[in-house]
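Next up, my_file39.pdb (PDB, C-alpha atoms and all ligand atoms):
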ATOM      1  CA  MET A  97      27.351   6.394   7.234
ATOM      2  CA  GLN A  98      26.082   2.858   7.379
ATOM      3  CA  ILE A  99      23.671   1.361   4.836
ATOM      4  CA  LYS A 100      21.666  -1.800   5.536
ATOM      5  CA  LEU A 101      19.596  -3.582   2.903
ATOM      6  CA  TRP A 102      16.388  -4.976   4.396
ATOM      7  CA  GLY A 103      14.845  -5.889   1.029
ATOM      8  CA  VAL A 104      16.488  -6.397  -2.360
ATOM      9  CA  ARG A 105      13.849  -8.171  -4.463
ATOM     10  CA  GLY A 106      12.010  -6.421  -7.280
ATOM     11  CA  SER A 107       8.313  -6.393  -8.039
ATOM     12  CA  ILE A 108       6.933  -9.009  -5.618
ATOM     13  CA  PRO A 109       8.160 -10.830  -2.484
ATOM     14  CA  THR A 110       9.875 -14.051  -3.516
ATOM     15  CA  PRO A 111      10.465 -16.729  -0.871
ATOM     16  CA  LEU A 112      12.991 -19.471  -1.615
ATOM     17  CA  SER A 113      11.170 -22.331  -3.344
ATOM     18  CA  SER A 114      11.174 -25.797  -1.798
ATOM     19  CA  GLY A 115      12.938 -27.042  -4.963
ATOM     20  CA  GLU A 116      15.801 -24.603  -4.422
ATOM     21  CA  TYR A 117      15.923 -25.470  -0.725
ATOM     22  CA  ARG A 118      16.210 -29.169  -1.564
ATOM     23  CA  GLU A 119      19.015 -28.517  -4.070
ATOM     24  CA  ARG A 120      20.950 -26.663  -1.386
ATOM     25  CA  LEU A 121      20.428 -29.457   1.130
ATOM     26  CA  LYS A 122      21.704 -31.933  -1.449
ATOM     27  CA  ALA A 123      24.834 -29.855  -2.140
ATOM     28  CA  ALA A 124      25.512 -29.422   1.576
ATOM     29  CA  LEU A 125      24.983 -33.111   2.427
ATOM     30  CA  THR A 126      27.101 -34.319  -0.501
ATOM     31  CA  HIS A 127      29.942 -32.067   0.588
ATOM     32  CA  ALA A 128      29.530 -33.128   4.241
ATOM     33  CA  ARG A 129      29.683 -36.836   3.378
ATOM     34  CA  GLU A 130      32.980 -36.399   1.514
ATOM     35  CA  ARG A 131      34.487 -34.237   4.222
ATOM     36  CA  TRP A 132      33.481 -36.469   7.128
ATOM     37  CA  GLN A 133      34.877 -39.553   5.407
ATOM     38  CA  LYS A 134      38.277 -37.813   5.407
ATOM     39  CA  ASP A 135      37.964 -35.948   8.699
ATOM     40  CA  PRO A 136      35.284 -37.348  11.036
ATOM     41  CA  ALA A 137      36.191 -34.809  13.768
ATOM     42  CA  LEU A 138      35.282 -31.769  11.606
ATOM     43  CA  SER A 139      32.359 -29.867  13.160
ATOM     44  CA  ALA A 140      29.110 -29.150  11.321
ATOM     45  CA  GLU A 141      30.011 -25.431  11.499
ATOM     46  CA  GLY A 142      33.363 -26.261   9.883
ATOM     47  CA  VAL A 143      31.610 -28.035   7.014
ATOM     48  CA  ILE A 144      29.193 -25.120   6.539
ATOM     49  CA  ASP A 145      32.098 -22.655   6.443
ATOM     50  CA  GLU A 146      33.586 -24.558   3.506
ATOM     51  CA  LEU A 147      30.431 -24.375   1.400
ATOM     52  CA  SER A 148      30.136 -21.730  -1.294
ATOM     53  CA  PRO A 149      28.070 -18.604  -0.532
ATOM     54  CA  GLU A 150      25.682 -19.723  -3.307
ATOM     55  CA  VAL A 151      24.734 -22.652  -1.034
ATOM     56  CA  THR A 152      24.805 -20.979   2.381
ATOM     57  CA  ASN A 153      23.569 -17.436   1.645
ATOM     58  CA  LEU A 154      20.210 -16.223   0.415
ATOM     59  CA  VAL A 155      19.847 -13.325  -1.992
ATOM     60  CA  GLY A 156      16.575 -12.759  -0.168
ATOM     61  CA  GLY A 157      12.936 -12.383  -1.105
ATOM     62  CA  GLU A 158      11.817  -9.208   0.695
ATOM     63  CA  THR A 159      11.106  -6.177  -1.473
ATOM     64  CA  THR A 160      12.880  -2.828  -1.302
ATOM     65  CA  CYS A 161      13.668  -1.246   2.049
ATOM     66  CA  VAL A 162      16.967   0.400   2.965
ATOM     67  CA  GLU A 163      18.162   1.845   6.255
ATOM     68  CA  VAL A 164      20.752   4.634   6.313
ATOM     69  CA  ARG A 165      22.426   5.562   9.584
ATOM     70  CA  SER A 166      24.821   8.286  10.614
ATOM     71  CA  GLY A 167      25.547   8.018  14.334
ATOM     72  CA  ASP A 168      22.137   7.985  16.036
ATOM     73  CA  ASP A 169      20.356   9.513  13.030
ATOM     74  CA  GLN A 170      18.391   7.343  10.671
ATOM     75  CA  LEU A 171      16.727   7.500   7.268
ATOM     76  CA  ILE A 172      14.601   4.780   5.698
ATOM     77  CA  ILE A 173      14.265   4.529   1.932
ATOM     78  CA  ASP A 174      11.055   2.798   0.820
ATOM     79  CA  LEU A 175       8.755   0.521   2.749
ATOM     80  CA  GLY A 176       8.697  -2.688   0.741
ATOM     81  CA  THR A 177       8.173  -5.912   2.669
ATOM     82  CA  GLY A 178      11.685  -5.605   4.141
ATOM     83  CA  ALA A 179      10.242  -2.843   6.355
ATOM     84  CA  ARG A 180       8.468  -5.455   8.500
ATOM     85  CA  ARG A 181      11.715  -6.874   9.906
ATOM     86  CA  LEU A 182      13.263  -3.404  10.061
ATOM     87  CA  GLY A 183      10.329  -2.342  12.264
ATOM     88  CA  TYR A 184      10.897  -5.197  14.723
ATOM     89  CA  ASP A 185      14.599  -4.397  14.776
ATOM     90  CA  MET A 186      13.943  -0.699  15.456
ATOM     91  CA  LEU A 187      11.787  -1.696  18.443
ATOM     92  CA  ALA A 188      14.574  -3.930  19.742
ATOM     93  CA  ARG A 189      17.062  -1.065  19.342
ATOM     94  CA  GLY A 190      14.725   1.395  21.064
ATOM     95  CA  ILE A 191      14.477   3.700  18.019
ATOM     96  CA  LYS A 192      11.451   5.961  18.416
ATOM     97  CA  GLY A 193      10.266   9.542  18.003
ATOM     98  CA  ASP A 194      10.720  11.111  14.566
ATOM     99  CA  ILE A 195      11.139   8.521  11.825
ATOM    100  CA  HIS A 196      12.013   9.737   8.331
ATOM    101  CA  VAL A 197      11.052   7.802   5.207
ATOM    102  CA  LEU A 198      12.181   8.760   1.693
ATOM    103  CA  VAL A 199       9.691   7.456  -0.877
ATOM    104  CA  THR A 200      11.095   6.640  -4.334
ATOM    105  CA  HIS A 201       7.610   5.931  -5.759
ATOM    106  CA  THR A 202       4.497   4.063  -4.695
ATOM    107  CA  HIS A 203       4.537   0.829  -6.702
ATOM    108  CA  TRP A 204       3.418  -1.937  -4.367
ATOM    109  CA  ASP A 205       6.845  -3.469  -3.908
ATOM    110  CA  HIS A 206       7.982  -0.160  -2.340
ATOM    111  CA  ILE A 207       5.091   0.459   0.088
ATOM    112  CA  GLN A 208       3.663  -2.957   0.908
ATOM    113  CA  GLY A 209       5.605  -3.397   4.136
ATOM    114  CA  TRP A 210       4.171  -0.250   5.724
ATOM    115  CA  PRO A 211       0.975  -1.851   7.182
ATOM    116  CA  PHE A 212       3.292  -4.349   8.950
ATOM    117  CA  PHE A 213       5.807  -1.733  10.147
ATOM    118  CA  VAL A 214       5.223  -1.786  13.909
ATOM    119  CA  PRO A 215       6.703   1.702  14.638
ATOM    120  CA  GLY A 216       3.792   3.023  12.531
ATOM    121  CA  TYR A 217       1.393   1.848  15.279
ATOM    122  CA  ILE A 218       3.151   3.556  18.203
ATOM    123  CA  PRO A 219       1.371   6.783  19.276
ATOM    124  CA  ASP A 220       4.552   8.607  20.379
ATOM    125  CA  ASN A 221       6.189   8.178  16.968
ATOM    126  CA  THR A 222       5.909  10.685  14.136
ATOM    127  CA  VAL A 223       6.582   9.197  10.734
ATOM    128  CA  HIS A 224       7.681  11.778   8.161
ATOM    129  CA  PHE A 225       7.100  10.741   4.556
ATOM    130  CA  HIS A 226       9.283  12.693   2.111
ATOM    131  CA  SER A 227       8.300  12.507  -1.558
ATOM    132  CA  CYS A 228       7.687  14.554  -4.681
ATOM    133  CA  ILE A 229       4.263  12.924  -5.121
ATOM    134  CA  SER A 230       1.536  15.490  -4.485
ATOM    135  CA  ASN A 231      -1.055  12.880  -3.401
ATOM    136  CA  CYS A 232       1.339  10.578  -1.542
ATOM    137  CA  HIS A 233      -0.897  10.482   1.561
ATOM    138  CA  GLU A 234      -3.895   9.461  -0.532
ATOM    139  CA  ARG A 235      -1.900   6.700  -2.216
ATOM    140  CA  PHE A 236      -0.955   5.206   1.175
ATOM    141  CA  GLN A 237      -4.584   5.497   2.296
ATOM    142  CA  ARG A 238      -5.712   3.681  -0.854
ATOM    143  CA  GLN A 239      -3.362   0.767  -0.165
ATOM    144  CA  GLN A 240      -5.149   0.263   3.159
ATOM    145  CA  HIS A 241      -8.731   0.634   1.976
ATOM    146  CA  PHE A 242     -10.834  -1.569   4.279
ATOM    147  CA  ASP A 243     -11.578  -3.872   1.318
ATOM    148  CA  HIS A 244      -7.894  -4.795   1.257
ATOM    149  CA  PHE A 245      -6.598  -4.459   4.821
ATOM    150  CA  PRO A 246      -8.324  -4.418   8.229
ATOM    151  CA  VAL A 247      -6.555  -1.308   9.582
ATOM    152  CA  GLU A 248      -6.865   1.900   7.614
ATOM    153  CA  PHE A 249      -3.828   4.135   7.187
ATOM    154  CA  ASP A 250      -5.097   6.960   9.394
ATOM    155  CA  ALA A 251      -6.123   4.488  12.126
ATOM    156  CA  MET A 252      -2.467   3.511  12.655
ATOM    157  CA  MET A 253      -1.614   5.321  15.856
ATOM    158  CA  SER A 254       1.654   7.055  14.980
ATOM    159  CA  LYS A 255       1.448  10.633  13.783
ATOM    160  CA  LYS A 256       2.095  10.920  10.073
ATOM    161  CA  GLU A 257       3.408  13.956   8.239
ATOM    162  CA  PHE A 258       3.841  14.287   4.494
ATOM    163  CA  HIS A 259       6.597  16.542   3.192
ATOM    164  CA  ASN A 260       6.689  17.406  -0.482
ATOM    165  CA  PHE A 261       9.802  18.400  -2.366
ATOM    166  CA  PRO A 262       9.753  19.558  -5.990
ATOM    167  CA  GLN A 263      11.032  17.001  -8.493
ATOM    168  CA  GLY A 264      14.821  17.415  -8.563
ATOM    169  CA  GLY A 265      14.743  19.368  -5.289
ATOM    170  CA  SER A 266      17.130  19.196  -2.320
ATOM    171  CA  PHE A 267      16.470  19.212   1.411
ATOM    172  CA  GLU A 268      18.031  18.230   4.719
ATOM    173  CA  VAL A 269      17.013  15.786   7.414
ATOM    174  CA  GLY A 270      19.238  16.019  10.522
ATOM    175  CA  PRO A 271      22.834  15.510   9.338
ATOM    176  CA  PHE A 272      21.765  14.196   5.920
ATOM    177  CA  LYS A 273      21.975  16.480   2.877
ATOM    178  CA  ILE A 274      19.636  14.994   0.307
ATOM    179  CA  SER A 275      19.305  15.788  -3.382
ATOM    180  CA  THR A 276      16.944  14.099  -5.807
ATOM    181  CA  LEU A 277      16.649  13.213  -9.477
ATOM    182  CA  GLU A 278      13.734  11.971 -11.567
ATOM    183  CA  LEU A 279      14.369   8.529 -13.068
ATOM    184  CA  ALA A 280      12.947   6.852 -16.165
ATOM    185  CA  HIS A 281      10.267   4.470 -14.836
ATOM    186  CA  PRO A 282       6.534   3.995 -15.567
ATOM    187  CA  GLY A 283       4.762   6.483 -13.285
ATOM    188  CA  GLY A 284       8.098   8.012 -12.238
ATOM    189  CA  SER A 285      10.666   7.167  -9.576
ATOM    190  CA  VAL A 286      13.212   9.229  -7.663
ATOM    191  CA  ALA A 287      16.926   8.698  -7.004
ATOM    192  CA  TYR A 288      18.266   9.959  -3.683
ATOM    193  CA  ARG A 289      21.808  11.267  -3.258
ATOM    194  CA  ILE A 290      22.563  11.380   0.465
ATOM    195  CA  GLU A 291      25.621  13.108   1.875
ATOM    196  CA  ALA A 292      26.754  12.786   5.488
ATOM    197  CA  GLN A 293      30.104  12.586   7.272
ATOM    198  CA  GLY A 294      31.844  13.577   4.019
ATOM    199  CA  LYS A 295      30.547  10.514   2.138
ATOM    200  CA  VAL A 296      28.010  10.122  -0.672
ATOM    201  CA  PHE A 297      25.466   7.319  -0.912
ATOM    202  CA  ILE A 298      23.097   7.155  -3.894
ATOM    203  CA  PHE A 299      20.031   4.948  -4.123
ATOM    204  CA  ALA A 300      18.606   4.572  -7.617
ATOM    205  CA  THR A 301      16.242   1.690  -8.162
ATOM    206  CA  ASP A 302      13.305   1.338 -10.502
ATOM    207  CA  THR A 303      15.091   3.040 -13.339
ATOM    208  CA  GLU A 304      15.608   2.060 -16.938
ATOM    209  CA  PHE A 305      18.840   2.628 -18.786
ATOM    210  CA  SER A 306      18.317   0.922 -22.129
ATOM    211  CA  GLY A 307      18.000   1.259 -25.873
ATOM    212  CA  ASP A 308      20.117   2.628 -28.696
ATOM    213  CA  ASN A 309      20.860   5.914 -26.951
ATOM    214  CA  VAL A 310      21.883   4.382 -23.614
ATOM    215  CA  ASP A 311      25.370   5.953 -23.707
ATOM    216  CA  GLU A 312      23.871   9.386 -24.181
ATOM    217  CA  GLN A 313      21.397   8.661 -21.365
ATOM    218  CA  ILE A 314      24.205   7.601 -18.989
ATOM    219  CA  GLU A 315      26.130  10.772 -19.874
ATOM    220  CA  ARG A 316      23.067  12.966 -19.212
ATOM    221  CA  TYR A 317      22.790  11.648 -15.622
ATOM    222  CA  SER A 318      26.494  12.071 -14.946
ATOM    223  CA  ASP A 319      26.427  15.192 -12.761
ATOM    224  CA  PHE A 320      24.136  13.624 -10.200
ATOM    225  CA  PHE A 321      25.874  10.258  -9.915
ATOM    226  CA  THR A 322      29.550  11.019 -10.405
ATOM    227  CA  GLY A 323      31.919  10.094  -7.615
ATOM    228  CA  ALA A 324      29.458   8.321  -5.296
ATOM    229  CA  ASP A 325      31.161   6.302  -2.575
ATOM    230  CA  LEU A 326      28.324   3.778  -2.804
ATOM    231  CA  LEU A 327      25.628   3.386  -5.451
ATOM    232  CA  VAL A 328      22.806   0.877  -4.967
ATOM    233  CA  MET A 329      21.205   0.523  -8.385
ATOM    234  CA  ASP A 330      18.504  -1.334 -10.263
ATOM    235  CA  ALA A 331      19.947  -4.342 -12.108
ATOM    236  CA  GLN A 332      16.890  -6.512 -12.581
ATOM    237  CA  TYR A 333      17.445  -8.100 -15.967
ATOM    238  CA  THR A 334      19.664 -10.119 -18.234
ATOM    239  CA  MET A 335      20.583  -8.198 -21.401
ATOM    240  CA  ASP A 336      18.128 -10.315 -23.442
ATOM    241  CA  GLU A 337      15.274  -9.720 -21.060
ATOM    242  CA  ALA A 338      15.994  -5.973 -20.919
ATOM    243  CA  GLU A 339      15.753  -5.850 -24.714
ATOM    244  CA  GLN A 340      12.381  -7.600 -24.614
ATOM    245  CA  LYS A 341      11.120  -5.346 -21.840
ATOM    246  CA  ILE A 342      11.882  -1.874 -23.128
ATOM    247  CA  GLY A 343       9.658   0.569 -21.244
ATOM    248  CA  TRP A 344       9.146  -1.716 -18.199
ATOM    249  CA  GLY A 345      11.383   0.554 -16.153
ATOM    250  CA  HIS A 346      14.357  -1.631 -15.183
ATOM    251  CA  THR A 347      17.991  -2.032 -16.200
ATOM    252  CA  ALA A 348      20.196  -4.954 -17.296
ATOM    253  CA  MET A 349      22.926  -5.803 -14.798
ATOM    254  CA  VAL A 350      25.768  -5.203 -17.288
ATOM    255  CA  ILE A 351      24.340  -1.765 -18.160
ATOM    256  CA  SER A 352      24.369  -0.851 -14.454
ATOM    257  CA  VAL A 353      28.064  -1.792 -14.492
ATOM    258  CA  ASP A 354      28.567   0.539 -17.487
ATOM    259  CA  CYS A 355      26.856   3.291 -15.476
ATOM    260  CA  ALA A 356      29.199   2.775 -12.513
ATOM    261  CA  LEU A 357      32.227   2.849 -14.834
ATOM    262  CA  LYS A 358      31.106   6.042 -16.542
ATOM    263  CA  TRP A 359      30.137   7.754 -13.280
ATOM    264  CA  LYS A 360      33.322   6.603 -11.507
ATOM    265  CA  VAL A 361      31.464   5.348  -8.461
ATOM    266  CA  LYS A 362      33.634   3.570  -5.901
ATOM    267  CA  ARG A 363      31.266   0.732  -4.980
ATOM    268  CA  LEU A 364      28.248  -0.535  -6.913
ATOM    269  CA  VAL A 365      25.566  -2.763  -5.368
ATOM    270  CA  LEU A 366      23.197  -4.423  -7.850
ATOM    271  CA  THR A 367      19.630  -4.720  -6.600
ATOM    272  CA  HIS A 368      15.885  -5.104  -7.391
ATOM    273  CA  HIS A 369      16.347  -8.725  -8.443
ATOM    274  CA  GLU A 370      13.865 -10.232 -10.865
ATOM    275  CA  PRO A 371      11.402 -12.457  -8.932
ATOM    276  CA  ALA A 372      11.460 -15.051 -11.739
ATOM    277  CA  TYR A 373      15.224 -15.565 -11.251
ATOM    278  CA  GLN A 374      16.387 -18.111  -8.703
ATOM    279  CA  ASP A 375      19.504 -17.330  -6.689
ATOM    280  CA  GLU A 376      21.656 -19.491  -8.954
ATOM    281  CA  LYS A 377      20.679 -17.389 -11.967
ATOM    282  CA  ILE A 378      21.329 -14.134 -10.076
ATOM    283  CA  HIS A 379      24.803 -15.358  -9.120
ATOM    284  CA  GLY A 380      25.340 -16.356 -12.780
ATOM    285  CA  LEU A 381      24.352 -12.855 -13.902
ATOM    286  CA  PHE A 382      26.755 -11.408 -11.367
ATOM    287  CA  ALA A 383      29.583 -13.572 -12.746
ATOM    288  CA  GLU A 384      28.832 -12.154 -16.226
ATOM    289  CA  ALA A 385      28.706  -8.626 -14.846
ATOM    290  CA  SER A 386      32.090  -9.157 -13.156
ATOM    291  CA  LYS A 387      33.603 -10.323 -16.474
ATOM    292  CA  HIS A 388      32.049  -7.331 -18.218
ATOM    293  CA  LEU A 389      33.656  -5.078 -15.618
ATOM    294  CA  GLU A 390      37.084  -6.690 -16.121
ATOM    295  CA  ALA A 391      36.811  -6.265 -19.890
ATOM    296  CA  ASN A 392      35.716  -2.628 -19.731
ATOM    297  CA  ALA A 393      37.452  -1.158 -16.685
ATOM    298  CA  ASN A 394      39.794   1.494 -17.964
ATOM    299  CA  GLY A 395      41.805   2.979 -15.126
ATOM    300  CA  HIS A 396      38.797   3.162 -12.828
ATOM    301  CA  ARG A 397      37.486  -0.104 -11.434
ATOM    302  CA  PRO A 398      34.489   0.029  -9.068
ATOM    303  CA  GLU A 399      33.995  -2.757  -6.539
ATOM    304  CA  ILE A 400      30.748  -4.541  -7.360
ATOM    305  CA  TYR A 401      28.415  -6.606  -5.181
ATOM    306  CA  ILE A 402      25.179  -8.462  -5.623
ATOM    307  CA  ALA A 403      22.668  -6.998  -3.154
ATOM    308  CA  CYS A 404      21.643  -9.600  -0.572
ATOM    309  CA  GLU A 405      19.138  -9.160   2.224
ATOM    310  CA  ASN A 406      20.758  -7.925   5.470
ATOM    311  CA  ASP A 407      23.954  -6.743   3.739
ATOM    312  CA  VAL A 408      25.572  -3.818   5.545
ATOM    313  CA  PHE A 409      27.924  -1.302   3.900
ATOM    314  CA  ASP A 410      30.031   1.105   5.923
ATOM    315  CA  LEU A 411      31.129   4.350   4.304
TER     316      LEU A 411
HETATM  317 ZN    ZN B 501      10.186  -1.863  -7.698
HETATM  318 ZN    ZN B 502       8.447   0.550  -9.732
END
Encoded form using structure tokens:
Amino acid sequence: MQIKLWGVRGSIPTPLSSGEYRERLKAALTHARERWQKDPALSAEGVIDELSPEVTNLVGGETTCVEVRSGDDQLIIDLGTGARRLGYDMLARGIKGDIHVLVTHTHWDHIQGWPFFVPGYIPDNTVHFHSCISNCHERFQRQQHFDHFPVEFDAMMSKKEFHNFPQGGSFEVGPFKISTLELAHPGGSVAYRIEAQGKVFIFATDTEFSGDNVDEQIERYSDFFTGADLLVMDAQYTMDEAEQKIGWGHTAMVISVDCALKWKVKRLVLTHHEPAYQDEKIHGLFAEASKHLEANANGHRPEIYIACENDVFDL
């Protein structure tokens, strides 16, 4: 199985600010000046390779969209703004026919890319929307009411089919065995556990693990999450912010680490980054989360990663 992250930002698309861009230029140029004084023959590429990932890499501003592949079979989870670039890429790769989308929930940051998802306009394609939301079709239609977008949902030329599973239900799509779990989030959200080729990938964003009974809550979800080869999980907040935002439906990064420890997942990817946090702050949070992991790992130590746009994980 291969997992690609096309969008990792929470709540609203968040382009790099010009202030941040300038800071990065400054860091790069300062480093280059020092290096070229010592070694004038060093190439620009060589200088770039020496810079820290905080300077050269973007966390990314597109909202949630994940591609799962097993051989030639594909699943898409959510259609946040990351779906726009995924759509172009699918065209370039010649992917057409039946396209399967798993919908976690229909908050804007998880559906907003759909009107810009080019495969949705191709008549020979059939897009299958899988969700536990009884009026999922209507919700997508509402997003594209003519007052808000020039092309209505049903005018997009692909065929669309809506498949409903009961909350907590299981189903199969091609080689993928999929089970689901309701998550704590305003209006509800669904975690997907996807098994293929003997590996387990779980996607669980827009979920809140918080409060005084968090340990009990983590324990209660154990059966579903235990032993995942890869878990991509909501980690939107600092601990302070999570405490101020009880009931907002998101989790502090260090609590997500506690979840991965308890559930003995092999790799944890922290996602749904807060739009108010610049990359530097997200990397700072990750450094804290890594320390928290070191201090609390007891026999089992998951690998942890900060989710960045275009990251690919092979299972
Ligand atoms: Zn979200
Ligand atoms: Zn949400």
Check the smallest atom-to-atom distance from each of A:Phe213, A:Trp204, A:Phe245, A:Tyr373 to ligand ZN 501 (chain B) using only C-alpha atoms and all ligand atoms, then report the winner.
A:Trp204
Could you spell out the hits of the PyMOL selection byres (((chain A and resi 290) around 9) and not hetatm) on the shown file, as JSON, numbers by chain?
{"A": [272, 273, 274, 275, 276, 288, 289, 291, 292, 295, 296, 297, 298, 299]}
For the structure provided, state which residues fall under the PyMOL selection byres (((chain A and resi 355) around 10) and not hetatm), and present them as a VMD selection string.
chain A and resid 305 310 to 311 313 to 315 317 to 318 321 to 322 329 349 to 354 356 to 361 364
Closest contacts (chain A/ligand ZN 501 (chain B), max 6 Å, all atoms listed in the file) as CSV:
residue,atom,partner,partner_atom,distance
A:Gly106,CA,B:ZN501,ZN,4.9
A:Ser107,CA,B:ZN501,ZN,4.9
A:Asp205,CA,B:ZN501,ZN,5.3
A:Asp302,CA,B:ZN501,ZN,5.3
Identify, counting all atoms listed in the file, the protein, DNA and RNA residues located within 12 Å of ligand ZN 502 (chain B), and give them as a ChimeraX atom specification.
/A:105-108,159-160,174,176,199-207,279-286,300-304,330,332,343-347,368
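Take the candidates A:Asp135, A:Asp410, A:Glu130, A:Asp308 and check each one against Asp325 (chain A) using all atoms listed in the file; the shortest distance goes to A:Asp410.
Look at Asp250 (chain A): the protein and nucleic acid residues within 10 Å of it, using all atoms listed in the file and passing over chain neighbours fewer than 3 places away, are A:His233, A:Phe236, A:Gln237, A:Gln240, A:Val247, A:Met253, A:Ser254, A:Lys255, A:Lys256.
Computed from the coordinates, the CA of Pro149 (chain A) to CA of Ala179 (chain A) distance equals 24.8 Å.
The space separating CA of Gly178 (chain A) from CA of Arg165 (chain A) comes to 16.4 Å.
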So how far away is CA of Leu175 (chain A) from CA of Glu278 (chain A), in Å?
19.0 Å
To test your reading of the syntax: which residues would the PyMOL selection byres (((chain A and resi 224-227) around 8) and not hetatm) return for the file shown? Reply as a VMD selection string.
chain A and resid 194 to 201 222 to 223 228 to 230 232 256 to 261
Of A:Met186, A:Ile191, A:Gln208, A:Gln374, the one sitting nearest Ser114 (chain A) when using all atoms listed in the file is A:Gln374
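Distance annotation: of A:Glu119, A:Met97, A:Asn153, A:Trp102, the residue with the minimal separation from Gly167 (chain A) is A:Met97; atom set is all atoms listed in the file.
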